[in-house]
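Raw contents of entry.cif, mmCIF, C-alpha atoms:
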```cif
data_upload
#
loop_
_atom_site.label_atom_id
_atom_site.label_comp_id
_atom_site.auth_asym_id
_atom_site.auth_seq_id
_atom_site.Cartn_x
_atom_site.Cartn_y
_atom_site.Cartn_z
CA MET A 583 4.97 -17.53 23.55
CA ARG A 584 8.67 -16.85 24.12
CA PRO A 585 9.81 -15.77 27.59
CA ALA A 586 10.42 -12.13 28.52
CA MET A 587 13.80 -10.75 27.54
CA VAL A 588 16.36 -10.00 30.27
CA THR A 589 16.79 -6.24 30.73
CA ASP A 590 19.62 -4.09 32.10
CA GLY A 591 17.44 -1.85 34.30
CA SER A 592 17.47 1.24 32.05
CA GLU A 593 14.27 3.29 32.20
CA HIS A 594 14.02 2.88 28.44
CA ILE A 595 14.22 -0.92 28.49
CA LEU A 596 10.83 -2.55 28.27
CA ALA A 597 9.87 -6.12 29.06
CA TYR A 598 9.22 -8.36 26.07
CA GLU A 599 5.47 -7.85 25.89
CA LYS A 600 5.82 -4.12 26.51
CA GLN A 601 8.33 -3.84 23.69
CA ARG A 602 5.85 -5.47 21.36
CA ALA A 603 3.02 -3.26 22.63
CA PHE A 604 5.23 -0.18 22.22
CA LEU A 605 5.96 -0.98 18.58
CA ALA A 606 2.30 -1.77 17.91
CA GLY A 607 1.44 1.60 19.45
CA LEU A 608 3.71 3.34 16.95
CA PHE A 609 1.89 1.50 14.17
CA ASP A 610 -1.43 2.66 15.59
CA ALA A 611 -0.20 6.27 15.66
CA ALA A 612 0.86 6.01 12.03
CA VAL A 613 -2.53 4.61 11.00
CA LYS A 614 -4.43 7.22 13.00
CA ALA A 615 -2.52 9.99 11.23
CA ALA A 616 -3.97 8.68 7.97
CA ASP A 617 -7.55 8.67 9.30
CA PRO A 618 -9.79 9.45 6.30
CA LEU A 619 -12.23 11.56 8.35
CA GLU A 620 -9.83 14.32 9.34
CA ALA A 621 -7.93 14.16 6.05
CA ILE A 622 -11.11 14.58 4.00
CA ARG A 623 -12.50 17.27 6.30
CA ALA A 624 -9.42 19.38 5.58
CA HIS A 625 -9.79 19.07 1.78
CA LEU A 626 -13.50 19.47 1.06
CA PRO A 627 -14.29 21.20 -2.25
CA GLU A 628 -17.02 23.81 -2.54
CA ARG A 629 -20.55 22.60 -3.18
CA PRO A 630 -21.50 22.74 -6.87
CA LYS A 631 -24.56 24.26 -8.50
CA GLY A 632 -25.51 20.81 -9.76
CA ARG A 633 -25.12 17.26 -8.48
CA THR A 634 -22.33 15.89 -6.29
CA VAL A 635 -21.32 12.45 -7.50
CA VAL A 636 -18.83 10.30 -5.60
CA ILE A 637 -16.66 7.62 -7.16
CA GLY A 638 -13.67 5.82 -5.78
CA ALA A 639 -11.57 2.71 -5.48
CA GLY A 640 -8.98 1.27 -3.14
CA LYS A 641 -8.45 -0.50 0.15
CA ALA A 642 -9.68 2.58 2.02
CA ALA A 643 -12.62 3.28 -0.31
CA SER A 644 -15.49 2.49 2.05
CA GLN A 645 -13.90 4.30 4.99
CA MET A 646 -13.25 7.36 2.83
CA ALA A 647 -16.83 7.28 1.56
CA ALA A 648 -18.24 6.99 5.10
CA ALA A 649 -16.06 9.90 6.21
CA LEU A 650 -17.21 12.06 3.32
CA GLU A 651 -20.84 11.35 4.19
CA ARG A 652 -20.19 12.58 7.75
CA VAL A 653 -18.65 15.92 6.75
CA TRP A 654 -20.42 16.81 3.47
CA ASP A 655 -23.14 19.44 3.81
CA GLY A 656 -25.50 18.53 1.02
CA PRO A 657 -26.85 15.67 -1.06
CA LEU A 658 -24.50 12.94 -2.26
CA GLU A 659 -24.76 10.00 -4.61
CA GLY A 660 -22.18 7.63 -5.96
CA THR A 661 -20.32 4.34 -6.02
CA VAL A 662 -16.96 3.25 -4.64
CA VAL A 663 -15.11 -0.07 -4.89
CA ALA A 664 -13.37 -1.75 -1.96
CA ARG A 665 -11.67 -5.12 -1.60
CA HIS A 666 -13.59 -8.19 -0.44
CA GLY A 667 -13.86 -8.26 3.35
CA PRO A 668 -15.12 -5.94 6.11
CA ILE A 669 -16.27 -2.50 4.94
CA ALA A 670 -17.49 0.72 6.54
CA GLU A 671 -21.23 1.29 6.41
CA CYS A 672 -22.42 4.04 4.06
CA ARG A 673 -25.93 5.47 3.71
CA GLN A 674 -25.85 7.43 0.46
CA ILE A 675 -22.84 5.99 -1.37
CA ARG A 676 -22.98 2.44 -2.72
CA VAL A 677 -20.00 0.25 -1.84
CA LEU A 678 -19.08 -2.56 -4.24
CA GLN A 679 -16.35 -5.11 -3.60
CA SER A 680 -13.84 -6.93 -5.76
CA ALA A 681 -10.59 -8.86 -5.47
CA HIS A 682 -7.06 -7.80 -4.57
CA PRO A 683 -4.26 -8.37 -5.57
CA VAL A 684 -5.52 -10.39 -8.57
CA PRO A 685 -8.63 -9.03 -10.36
CA ASP A 686 -11.91 -10.95 -10.56
CA GLU A 687 -15.31 -10.84 -12.29
CA ALA A 688 -16.72 -8.64 -9.54
CA GLY A 689 -14.12 -6.06 -10.47
CA LEU A 690 -15.36 -5.98 -14.07
CA ALA A 691 -18.87 -5.25 -12.83
CA ALA A 692 -17.56 -2.61 -10.44
CA SER A 693 -15.67 -0.81 -13.20
CA SER A 694 -18.80 -0.76 -15.33
CA ALA A 695 -20.75 0.66 -12.39
CA LEU A 696 -18.30 3.55 -12.08
CA PHE A 697 -18.63 4.33 -15.78
CA ASP A 698 -22.41 4.29 -15.45
CA GLN A 699 -22.25 6.57 -12.40
CA LEU A 700 -20.52 9.26 -14.46
CA SER A 701 -22.79 9.26 -17.48
CA GLY A 702 -24.78 12.38 -18.36
CA LEU A 703 -22.98 14.87 -16.12
CA THR A 704 -22.85 18.60 -16.86
CA ALA A 705 -20.39 21.42 -16.25
CA ASP A 706 -22.37 22.35 -13.11
CA ASP A 707 -21.79 18.95 -11.52
CA LEU A 708 -18.97 17.94 -9.19
CA VAL A 709 -17.28 14.54 -9.05
CA ILE A 710 -15.38 13.70 -5.87
CA ALA A 711 -12.99 10.81 -6.53
CA LEU A 712 -11.82 8.91 -3.44
CA ILE A 713 -8.66 7.07 -4.45
CA SER A 714 -6.41 4.85 -2.34
CA GLY A 715 -3.90 2.08 -2.84
CA GLY A 716 -5.12 -1.23 -4.20
CA GLY A 717 -7.42 0.34 -6.76
CA SER A 718 -5.37 -1.01 -9.65
CA ALA A 719 -6.47 -4.59 -8.97
CA LEU A 720 -9.98 -3.64 -7.88
CA LEU A 721 -10.81 -1.98 -11.21
CA PRO A 722 -10.12 -4.32 -14.13
CA ALA A 723 -11.38 -2.87 -17.40
CA PRO A 724 -9.61 -4.53 -20.33
CA PRO A 725 -9.52 -2.56 -23.58
CA GLU A 726 -11.12 -3.82 -26.78
CA GLY A 727 -9.55 -7.09 -27.90
CA LEU A 728 -8.50 -8.13 -24.37
CA ASP A 729 -10.42 -9.81 -21.54
CA LEU A 730 -10.23 -10.43 -17.81
CA ALA A 731 -7.87 -13.37 -18.29
CA ASP A 732 -5.40 -10.98 -19.91
CA GLU A 733 -5.62 -8.53 -17.01
CA ILE A 734 -5.11 -11.39 -14.56
CA ALA A 735 -2.04 -12.51 -16.50
CA VAL A 736 -0.66 -8.97 -16.39
CA ALA A 737 -1.35 -8.71 -12.65
CA LYS A 738 0.38 -12.00 -11.86
CA ALA A 739 3.39 -11.14 -14.00
CA LEU A 740 3.74 -7.75 -12.34
CA LEU A 741 3.43 -9.18 -8.83
CA ALA A 742 6.15 -11.74 -9.51
CA SER A 743 8.47 -9.36 -11.35
CA GLY A 744 10.02 -7.41 -8.47
CA ALA A 745 9.25 -4.13 -10.25
CA PRO A 746 8.54 -1.08 -8.06
CA ILE A 747 4.93 0.05 -7.80
CA SER A 748 5.52 3.07 -10.02
CA ALA A 749 6.77 0.83 -12.83
CA MET A 750 3.93 -1.66 -12.33
CA ASN A 751 1.36 1.07 -12.69
CA VAL A 752 2.89 2.43 -15.89
CA VAL A 753 2.21 -0.99 -17.40
CA ARG A 754 -1.27 -1.28 -15.90
CA LYS A 755 -2.51 2.07 -17.14
CA HIS A 756 -1.67 1.18 -20.74
CA VAL A 757 -3.65 -2.05 -20.60
CA SER A 758 -6.90 -0.53 -19.38
CA ARG A 759 -10.01 1.47 -20.26
CA ILE A 760 -10.24 3.03 -16.79
CA LYS A 761 -6.73 3.77 -15.53
CA GLY A 762 -4.38 6.58 -16.49
CA GLY A 763 -7.00 9.34 -16.21
CA ARG A 764 -9.53 7.62 -18.44
CA LEU A 765 -12.25 7.53 -15.76
CA ALA A 766 -12.03 11.32 -15.35
CA LEU A 767 -12.49 11.74 -19.11
CA VAL A 768 -15.85 10.00 -18.82
CA ALA A 769 -16.95 12.57 -16.24
CA ALA A 770 -16.29 15.58 -18.49
CA PRO A 771 -17.52 18.32 -18.59
CA ALA A 772 -18.07 17.92 -14.83
CA ARG A 773 -15.26 19.05 -12.54
CA VAL A 774 -13.37 16.20 -10.84
CA VAL A 775 -11.69 16.66 -7.47
CA SER A 776 -9.51 13.69 -6.57
CA LEU A 777 -8.75 13.08 -2.87
CA VAL A 778 -5.87 10.62 -2.75
CA VAL A 779 -4.50 8.53 0.10
CA SER A 780 -1.01 7.78 -1.17
CA ASP A 781 0.63 4.38 -0.79
CA VAL A 782 3.42 5.03 -3.30
CA PRO A 783 6.93 6.32 -2.65
CA GLY A 784 7.15 9.99 -3.54
CA ASP A 785 3.36 10.48 -3.23
CA VAL A 786 2.80 10.87 -6.98
CA ALA A 787 -0.99 10.88 -7.21
CA ALA A 788 -0.98 9.51 -10.77
CA PHE A 789 0.65 6.29 -9.51
CA VAL A 790 -1.89 5.59 -6.75
CA ALA A 791 -4.33 2.93 -8.03
CA SER A 792 -2.82 3.59 -11.47
CA GLY A 793 -4.48 7.02 -11.50
CA PRO A 794 -8.04 6.38 -12.74
CA THR A 795 -8.78 10.11 -12.42
CA VAL A 796 -5.22 11.46 -12.60
CA PRO A 797 -3.33 11.29 -15.91
CA ASP A 798 0.42 11.39 -16.31
CA ALA A 799 2.87 11.63 -19.18
CA SER A 800 3.99 7.99 -19.28
CA THR A 801 3.86 6.17 -22.60
CA ALA A 802 3.26 2.69 -23.93
CA GLU A 803 6.90 2.65 -25.02
CA GLU A 804 7.91 3.05 -21.38
CA ALA A 805 5.57 0.21 -20.44
CA LEU A 806 7.22 -2.04 -23.04
CA ALA A 807 10.67 -1.11 -21.74
CA ILE A 808 9.60 -2.04 -18.19
CA ILE A 809 8.25 -5.39 -19.38
CA LYS A 810 11.52 -6.11 -21.14
CA GLY A 811 13.70 -4.85 -18.30
CA TYR A 812 11.98 -7.06 -15.73
CA ARG A 813 11.76 -10.02 -18.11
CA MET A 814 8.02 -10.38 -17.84
CA SER A 815 6.14 -12.84 -20.02
CA LEU A 816 2.75 -11.46 -21.07
CA PRO A 817 0.13 -12.83 -23.49
CA ASP A 818 0.80 -12.07 -27.16
CA ARG A 819 -2.33 -10.00 -27.56
CA VAL A 820 -1.39 -7.85 -24.56
CA MET A 821 1.94 -7.13 -26.21
CA ALA A 822 0.20 -6.40 -29.51
CA HIS A 823 -2.12 -3.96 -27.73
CA LEU A 824 0.81 -2.14 -26.14
CA LYS A 825 2.40 -1.72 -29.56
CA SER A 826 -0.79 -0.26 -31.03
CA ALA A 827 -2.18 3.28 -30.97
CA ALA A 828 -5.07 2.05 -28.79
CA SER A 829 -2.77 1.86 -25.77
CA ALA A 830 -2.20 5.63 -25.67
CA ALA A 831 -3.41 7.24 -22.45
CA PRO A 832 -4.71 10.82 -22.13
CA LYS A 833 -2.12 13.45 -21.23
CA PRO A 834 -2.26 15.90 -18.31
CA ASP A 835 -2.65 18.86 -20.69
CA ASP A 836 -5.87 17.48 -22.19
CA PRO A 837 -8.48 20.31 -21.94
CA ALA A 838 -10.91 17.87 -20.33
CA PHE A 839 -8.77 18.01 -17.16
CA ALA A 840 -8.42 21.81 -17.05
CA ARG A 841 -10.82 22.38 -14.10
CA ASN A 842 -9.88 19.27 -12.16
CA GLU A 843 -8.02 19.25 -8.84
CA VAL A 844 -5.85 16.61 -7.19
CA HIS A 845 -5.04 16.53 -3.46
CA VAL A 846 -2.87 13.97 -1.67
CA ILE A 847 -4.62 14.00 1.71
CA ALA A 848 -2.64 11.32 3.57
CA SER A 849 0.78 9.76 3.03
CA ALA A 850 3.56 7.70 4.56
CA ARG A 851 5.49 10.86 5.45
CA VAL A 852 2.73 12.19 7.69
CA SER A 853 2.22 8.78 9.30
CA LEU A 854 5.92 8.29 10.06
CA GLU A 855 6.08 11.75 11.61
CA ALA A 856 3.14 10.84 13.86
CA ALA A 857 4.88 7.63 14.95
CA ALA A 858 8.09 9.55 15.60
CA ALA A 859 6.24 12.05 17.80
CA LYS A 860 4.74 9.19 19.85
CA ALA A 861 8.15 7.56 20.32
CA GLU A 862 9.74 10.85 21.34
CA ALA A 863 6.93 11.50 23.83
CA ALA A 864 7.85 8.14 25.40
CA GLY A 865 11.45 9.33 25.85
CA PHE A 866 13.18 7.86 22.80
CA SER A 867 15.26 9.68 20.26
CA THR A 868 13.85 8.89 16.81
CA VAL A 869 15.22 8.72 13.28
CA ILE A 870 13.17 8.54 10.08
CA LEU A 871 15.42 6.96 7.46
CA SER A 872 13.02 7.67 4.59
CA ASP A 873 9.35 7.44 3.67
CA SER A 874 10.12 6.20 0.15
CA ILE A 875 12.45 3.20 0.42
CA GLU A 876 12.13 0.77 -2.49
CA GLY A 877 13.99 -2.38 -3.46
CA GLU A 878 13.96 -6.12 -2.93
CA ALA A 879 12.39 -6.79 0.50
CA ARG A 880 15.10 -9.17 1.69
CA ASP A 881 17.85 -6.73 0.66
CA ILE A 882 16.18 -3.80 2.41
CA GLY A 883 15.80 -6.05 5.45
CA ARG A 884 19.54 -6.73 5.51
CA MET A 885 20.28 -3.02 5.17
CA HIS A 886 18.07 -2.19 8.15
CA ALA A 887 19.64 -5.05 10.11
CA ALA A 888 23.13 -3.70 9.44
CA ILE A 889 22.14 -0.27 10.77
CA ALA A 890 20.50 -1.85 13.82
CA ARG A 891 23.53 -4.04 14.58
CA GLU A 892 25.95 -1.14 14.24
CA THR A 893 23.84 1.00 16.54
CA ARG A 894 23.37 -1.73 19.14
CA LEU A 895 26.97 -2.94 19.20
CA ARG A 896 28.93 0.28 18.52
CA ASN A 897 26.47 3.07 19.32
CA ARG A 898 26.69 4.42 15.77
CA PRO A 899 25.45 5.79 13.41
CA PHE A 900 22.73 6.56 15.98
CA ALA A 901 23.08 6.88 19.74
CA ARG A 902 20.95 4.36 21.60
CA PRO A 903 18.32 4.02 22.86
CA VAL A 904 16.70 4.98 19.59
CA VAL A 905 13.72 4.16 17.41
CA ILE A 906 14.45 3.88 13.69
CA LEU A 907 11.46 4.35 11.36
CA SER A 908 11.09 3.92 7.64
CA GLY A 909 8.41 3.61 4.98
CA GLY A 910 8.05 3.03 1.27
CA GLU A 911 7.20 -0.07 -0.68
CA THR A 912 9.59 -2.95 -1.14
CA THR A 913 9.10 -5.68 -3.71
CA VAL A 914 9.40 -9.45 -3.74
CA THR A 915 10.68 -11.15 -6.88
CA ILE A 916 9.16 -14.63 -6.93
CA THR A 917 11.73 -17.30 -7.77
CA GLY A 918 11.09 -20.98 -8.31
CA ASP A 919 7.92 -22.72 -9.34
CA LYS A 920 5.99 -22.15 -6.15
CA ALA A 921 5.97 -19.48 -3.46
CA GLY A 922 4.76 -19.95 0.08
CA LYS A 923 2.68 -17.62 2.23
CA GLY A 924 3.77 -14.11 3.04
CA GLY A 925 4.05 -10.53 1.87
CA ARG A 926 6.78 -7.98 1.42
CA ASN A 927 6.79 -6.85 5.08
CA SER A 928 7.06 -10.38 6.40
CA GLU A 929 9.86 -11.16 3.95
CA PHE A 930 11.67 -7.95 4.91
CA LEU A 931 11.46 -8.89 8.58
CA LEU A 932 12.55 -12.51 8.19
CA SER A 933 15.64 -11.30 6.34
CA LEU A 934 16.31 -8.79 9.13
CA ALA A 935 15.77 -11.48 11.79
CA LEU A 936 18.41 -13.71 10.24
CA ASP A 937 20.95 -10.88 10.37
CA ILE A 938 20.27 -9.93 14.02
CA ASP A 939 20.17 -13.52 15.26
CA GLY A 940 21.50 -13.78 18.79
CA ILE A 941 21.83 -10.02 19.36
CA ASP A 942 19.79 -8.81 22.33
CA GLY A 943 18.29 -5.34 22.52
CA ILE A 944 16.91 -5.07 18.96
CA HIS A 945 13.14 -5.31 18.45
CA ALA A 946 11.40 -4.69 15.13
CA LEU A 947 7.94 -4.48 13.57
CA ALA A 948 7.21 -4.35 9.86
CA ALA A 949 3.61 -4.08 8.69
CA ASP A 950 1.39 -2.86 5.88
CA THR A 951 -0.67 0.11 7.07
CA ASP A 952 -3.81 -1.35 5.47
CA GLY A 953 -3.62 -4.23 7.95
CA ILE A 954 -3.01 -6.98 5.38
CA ASP A 955 0.44 -8.07 4.16
CA GLY A 956 0.15 -10.14 1.01
CA SER A 957 -2.84 -12.49 0.90
CA GLU A 958 -2.91 -13.74 4.51
CA ASP A 959 -4.60 -12.23 7.57
CA ASN A 960 -1.54 -10.58 9.12
CA ALA A 961 -0.33 -7.01 8.62
CA GLY A 962 3.26 -8.14 9.14
CA ALA A 963 5.28 -9.46 12.06
CA PHE A 964 7.57 -8.75 15.00
CA ALA A 965 11.19 -9.87 15.26
CA ASP A 966 14.09 -9.70 17.69
CA GLY A 967 17.39 -11.44 18.34
CA GLN A 968 15.63 -14.61 19.49
CA THR A 969 13.20 -14.97 16.58
CA VAL A 970 15.40 -17.22 14.45
CA SER A 971 16.09 -19.52 17.42
CA ALA A 972 12.35 -19.70 18.11
CA ILE A 973 11.61 -20.72 14.51
CA ARG A 974 14.26 -23.43 14.67
CA ALA A 975 13.03 -24.64 18.06
CA ALA A 976 9.57 -25.07 16.52
CA GLY A 977 11.01 -27.28 13.78
CA GLY A 978 11.45 -24.74 10.99
CA ASP A 979 14.41 -23.57 8.92
CA PRO A 980 14.26 -19.77 8.58
CA LYS A 981 16.67 -19.72 5.64
CA LEU A 982 14.52 -22.20 3.70
CA PHE A 983 11.40 -20.20 4.57
CA LEU A 984 13.06 -17.06 3.18
CA ALA A 985 14.23 -18.83 0.03
CA GLY A 986 10.68 -20.08 -0.55
CA HIS A 987 9.04 -16.70 0.10
CA ASP A 988 7.22 -18.30 3.02
CA ALA A 989 7.79 -15.78 5.81
CA TRP A 990 4.23 -16.14 7.12
CA SER A 991 4.89 -19.77 8.00
CA ALA A 992 8.14 -18.84 9.74
CA PHE A 993 6.56 -16.19 11.95
CA SER A 994 3.56 -18.42 12.60
CA LEU A 995 5.94 -20.95 14.13
CA SER A 996 7.64 -18.34 16.33
CA GLY A 997 4.37 -16.72 17.41
CA ASP A 998 5.40 -13.34 16.00
CA LEU A 999 2.64 -12.57 13.47
CA PHE A 1000 1.07 -9.12 13.82
CA VAL A 1001 -2.68 -9.31 13.12
CA PRO A 1002 -4.49 -6.00 13.80
CA GLY A 1003 -7.08 -6.58 11.06
CA PRO A 1004 -7.97 -4.19 8.21
CA THR A 1005 -7.30 -0.60 9.26
CA GLY A 1006 -9.42 1.34 6.76
CA THR A 1007 -6.50 3.26 5.32
CA ASN A 1008 -3.40 2.53 3.27
CA VAL A 1009 -0.28 4.69 3.28
CA ASN A 1010 2.29 2.08 2.41
CA ASP A 1011 4.62 0.05 4.62
CA PHE A 1012 5.56 0.87 8.20
CA ARG A 1013 8.82 -0.29 9.76
CA ALA A 1014 9.95 0.43 13.32
CA ILE A 1015 13.11 -0.82 15.03
CA LEU A 1016 13.61 -0.23 18.78
CA ILE A 1017 17.28 -0.41 19.78
CA GLU A 1018 17.98 -0.47 23.50
#
```
Write the structure described by the file as structure tokens, please.
Amino acid sequence: MRPAMVTDGSEHILAYEKQRAFLAGLFDAAVKAADPLEAIRAHLPERPKGRTVVIGAGKAASQMAAALERVWDGPLEGTVVARHGPIAECRQIRVLQSAHPVPDEAGLAASSALFDQLSGLTADDLVIALISGGGSALLPAPPEGLDLADEIAVAKALLASGAPISAMNVVRKHVSRIKGGRLALVAAPARVVSLVVSDVPGDVAAFVASGPTVPDASTAEEALAIIKGYRMSLPDRVMAHLKSAASAAPKPDDPAFARNEVHVIASARVSLEAAAAKAEAAGFSTVILSDSIEGEARDIGRMHAAIARETRLRNRPFARPVVILSGGETTVTITGDKAGKGGRNSEFLLSLALDIDGIDGIHALAADTDGIDGSEDNAGAFADGQTVSAIRAAGGDPKLFLAGHDAWSAFSLSGDLFVPGPTGTNVNDFRAILIE
């Protein structure tokens, strides 16, 4: 553990551990604002004449299902799909689990279970779809002529491409039997009400989990252009499928969707506003840069570092002390033959740490609101002006770690990993910078 930072006596200056606790508290406020229970309570549909069937997928699927069970006045049945790991306990709704971010065999079985759950419904029945980020990987359902290996190849190519999530999901929904509104088609003539926890910039419901119950107007031609633009290499039969009529997804004006409803019930915007309110209650002025920042993680990290440096050293563009918040979803383009451990938040923060090296009075946290950044057990990490020195003192080279996409290892050396555990919700990335 690094020693406490020297302070200047200002009432706003916090000792090292308090600074870290303060930033973690802002993260907690952001997560609490996306609590599925209150969000679902505020968007309950009317009870139907017939059955109420629940389906869903995403990192928050089990928590959303448990919340719905608590507030729904009537019988429920259904199936939702969450990622492997801890889940909320449900009594009436079955919770299946599959892999994220790369699909697995359990995901194939889970997709089939959702199709089975929707068979034989009538116009008097209601389907409540609980959708959150991560559902794209959790629900593999390759179209005829393709198999799980093809979906895995697509997933790996997308993850390494550096494409924004919206572009990734255009590709995914044209290589699937379940995405792009296709799951809702199976439910017809029942009415489908989709309750969506958004993890995508702009809160476009059709992009969350590749929209299994929410169609959009994207085309296979757009998917092909994205693949070409990001220089992805996909299996030949995937490319052949995309060039065939079989890749066409249903359109929003399809009559089967006429009675359906879509509600975004939680988002990065609401969570950032909650964090800002907590910071302001503690006496800090607060700025929200944006809730929809996209781009290469290391580049966005340098941009945030430049703003932080300018504010700390020249008291502009924001007057200090100040808390700067932002959200969105950055990307990491994998270069080289092998990448190390880490996710987009950790990579963002290591890049920022390098650019604030040696500057006191800047403290930052970047974390995924679902509690897991990439494939490791951390949500993200903390950084300040001494982080780079701490990594070097522990025998590491922060620049080499960044070049190798190995930010987890860097922050493990400095003792700066942030590990709150799975949160039960997912409204994209959370970034907070405290400038004294």
Taking the file above as input, evaluate the PyMOL selection byres ((chain A and resi 682-691) around 6) and report the hits as a count of residues only.
-> 10
To verify the selection step, state as a CSV table (one decimal) with C-alpha atoms, in the coordinates of the input which residues the PyMOL selection byres ((chain A and resi 807) around 12) yields on this input.
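This went into selection-v3.csv:
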```
chain,number,residue,atom,x,y,z
A,745,ALA,CA,9.2,-4.1,-10.2
A,749,ALA,CA,6.8,0.8,-12.8
A,750,MET,CA,3.9,-1.7,-12.3
A,752,VAL,CA,2.9,2.4,-15.9
A,753,VAL,CA,2.2,-1.0,-17.4
A,800,SER,CA,4.0,8.0,-19.3
A,801,THR,CA,3.9,6.2,-22.6
A,802,ALA,CA,3.3,2.7,-23.9
A,803,GLU,CA,6.9,2.6,-25.0
A,804,GLU,CA,7.9,3.0,-21.4
A,805,ALA,CA,5.6,0.2,-20.4
A,806,LEU,CA,7.2,-2.0,-23.0
A,808,ILE,CA,9.6,-2.0,-18.2
A,809,ILE,CA,8.2,-5.4,-19.4
A,810,LYS,CA,11.5,-6.1,-21.1
A,811,GLY,CA,13.7,-4.8,-18.3
A,812,TYR,CA,12.0,-7.1,-15.7
A,813,ARG,CA,11.8,-10.0,-18.1
A,814,MET,CA,8.0,-10.4,-17.8
A,821,MET,CA,1.9,-7.1,-26.2
A,824,LEU,CA,0.8,-2.1,-26.1
A,825,LYS,CA,2.4,-1.7,-29.6
```
Can you list, as a VMD selection string, the residues that the PyMOL selection byres ((chain A and resi 760) around 8) selects here?
-> chain A and resid 693 721 to 723 755 758 to 759 761 to 765 794
Would you give me, as JSON lines, each residue of stretch 894-929 of chain A having an atom within 12 Å of an atom of stretch 971-982 of chain A, along with its shortest atom pair and that distance in Å to one decimal, using only C-alpha atoms and sorting by chain and residue number?
```
{"residue": "A:Ala921", "atom": "CA", "partner": "A:Leu982", "partner_atom": "CA", "distance": 11.5}
{"residue": "A:Gly922", "atom": "CA", "partner": "A:Leu982", "partner_atom": "CA", "distance": 10.7}
{"residue": "A:Glu929", "atom": "CA", "partner": "A:Pro980", "partner_atom": "CA", "distance": 10.7}
```
Each stretch 728-825 of chain A residue no farther than 12 Å from stretch 942-954 of chain A, nearest pair in Å, all atoms listed in the file, as JSON lines:
```
{"residue": "A:Val779", "atom": "CA", "partner": "A:Asp952", "partner_atom": "CA", "distance": 11.3}
{"residue": "A:Ser780", "atom": "CA", "partner": "A:Thr951", "partner_atom": "CA", "distance": 11.3}
{"residue": "A:Asp781", "atom": "CA", "partner": "A:Thr951", "partner_atom": "CA", "distance": 9.0}
```
How far is it from atom CA of A:Leu871 to atom CA of A:Phe1012, in Å with one decimal?
-> 11.6 Å
Got a sec: who's within 10 Å of stretch 659-664 of chain A, counting all atoms listed in the file, leaving out chain neighbours fewer than 2 positions off, as an mmCIF file with C-alpha atoms, keeping the file's coordinate frame?
```
data_model
loop_
_atom_site.group_PDB
_atom_site.id
_atom_site.type_symbol
_atom_site.label_atom_id
_atom_site.label_comp_id
_atom_site.auth_asym_id
_atom_site.auth_seq_id
_atom_site.Cartn_x
_atom_site.Cartn_y
_atom_site.Cartn_z
ATOM 1 C CA ARG A 633 -25.120 17.260 -8.480
ATOM 2 C CA THR A 634 -22.330 15.890 -6.290
ATOM 3 C CA VAL A 635 -21.320 12.450 -7.500
ATOM 4 C CA VAL A 636 -18.830 10.300 -5.600
ATOM 5 C CA ILE A 637 -16.660 7.620 -7.160
ATOM 6 C CA GLY A 638 -13.670 5.820 -5.780
ATOM 7 C CA ALA A 639 -11.570 2.710 -5.480
ATOM 8 C CA GLY A 640 -8.980 1.270 -3.140
ATOM 9 C CA LYS A 641 -8.450 -0.500 0.150
ATOM 10 C CA ALA A 642 -9.680 2.580 2.020
ATOM 11 C CA ALA A 643 -12.620 3.280 -0.310
ATOM 12 C CA SER A 644 -15.490 2.490 2.050
ATOM 13 C CA GLN A 645 -13.900 4.300 4.990
ATOM 14 C CA MET A 646 -13.250 7.360 2.830
ATOM 15 C CA ALA A 647 -16.830 7.280 1.560
ATOM 16 C CA GLU A 651 -20.840 11.350 4.190
ATOM 17 C CA PRO A 657 -26.850 15.670 -1.060
ATOM 18 C CA HIS A 666 -13.590 -8.190 -0.440
ATOM 19 C CA GLY A 667 -13.860 -8.260 3.350
ATOM 20 C CA PRO A 668 -15.120 -5.940 6.110
ATOM 21 C CA ILE A 669 -16.270 -2.500 4.940
ATOM 22 C CA ALA A 670 -17.490 0.720 6.540
ATOM 23 C CA ARG A 673 -25.930 5.470 3.710
ATOM 24 C CA GLN A 674 -25.850 7.430 0.460
ATOM 25 C CA ILE A 675 -22.840 5.990 -1.370
ATOM 26 C CA ARG A 676 -22.980 2.440 -2.720
ATOM 27 C CA VAL A 677 -20.000 0.250 -1.840
ATOM 28 C CA LEU A 678 -19.080 -2.560 -4.240
ATOM 29 C CA GLN A 679 -16.350 -5.110 -3.600
ATOM 30 C CA SER A 680 -13.840 -6.930 -5.760
ATOM 31 C CA ALA A 681 -10.590 -8.860 -5.470
ATOM 32 C CA HIS A 682 -7.060 -7.800 -4.570
ATOM 33 C CA ALA A 688 -16.720 -8.640 -9.540
ATOM 34 C CA GLY A 689 -14.120 -6.060 -10.470
ATOM 35 C CA ALA A 692 -17.560 -2.610 -10.440
ATOM 36 C CA SER A 693 -15.670 -0.810 -13.200
ATOM 37 C CA ALA A 695 -20.750 0.660 -12.390
ATOM 38 C CA LEU A 696 -18.300 3.550 -12.080
ATOM 39 C CA PHE A 697 -18.630 4.330 -15.780
ATOM 40 C CA ASP A 698 -22.410 4.290 -15.450
ATOM 41 C CA GLN A 699 -22.250 6.570 -12.400
ATOM 42 C CA LEU A 700 -20.520 9.260 -14.460
ATOM 43 C CA VAL A 709 -17.280 14.540 -9.050
ATOM 44 C CA ILE A 710 -15.380 13.700 -5.870
ATOM 45 C CA ALA A 711 -12.990 10.810 -6.530
ATOM 46 C CA LEU A 712 -11.820 8.910 -3.440
ATOM 47 C CA ILE A 713 -8.660 7.070 -4.450
ATOM 48 C CA SER A 714 -6.410 4.850 -2.340
ATOM 49 C CA GLY A 716 -5.120 -1.230 -4.200
ATOM 50 C CA GLY A 717 -7.420 0.340 -6.760
ATOM 51 C CA LEU A 720 -9.980 -3.640 -7.880
ATOM 52 C CA LEU A 721 -10.810 -1.980 -11.210
#
```
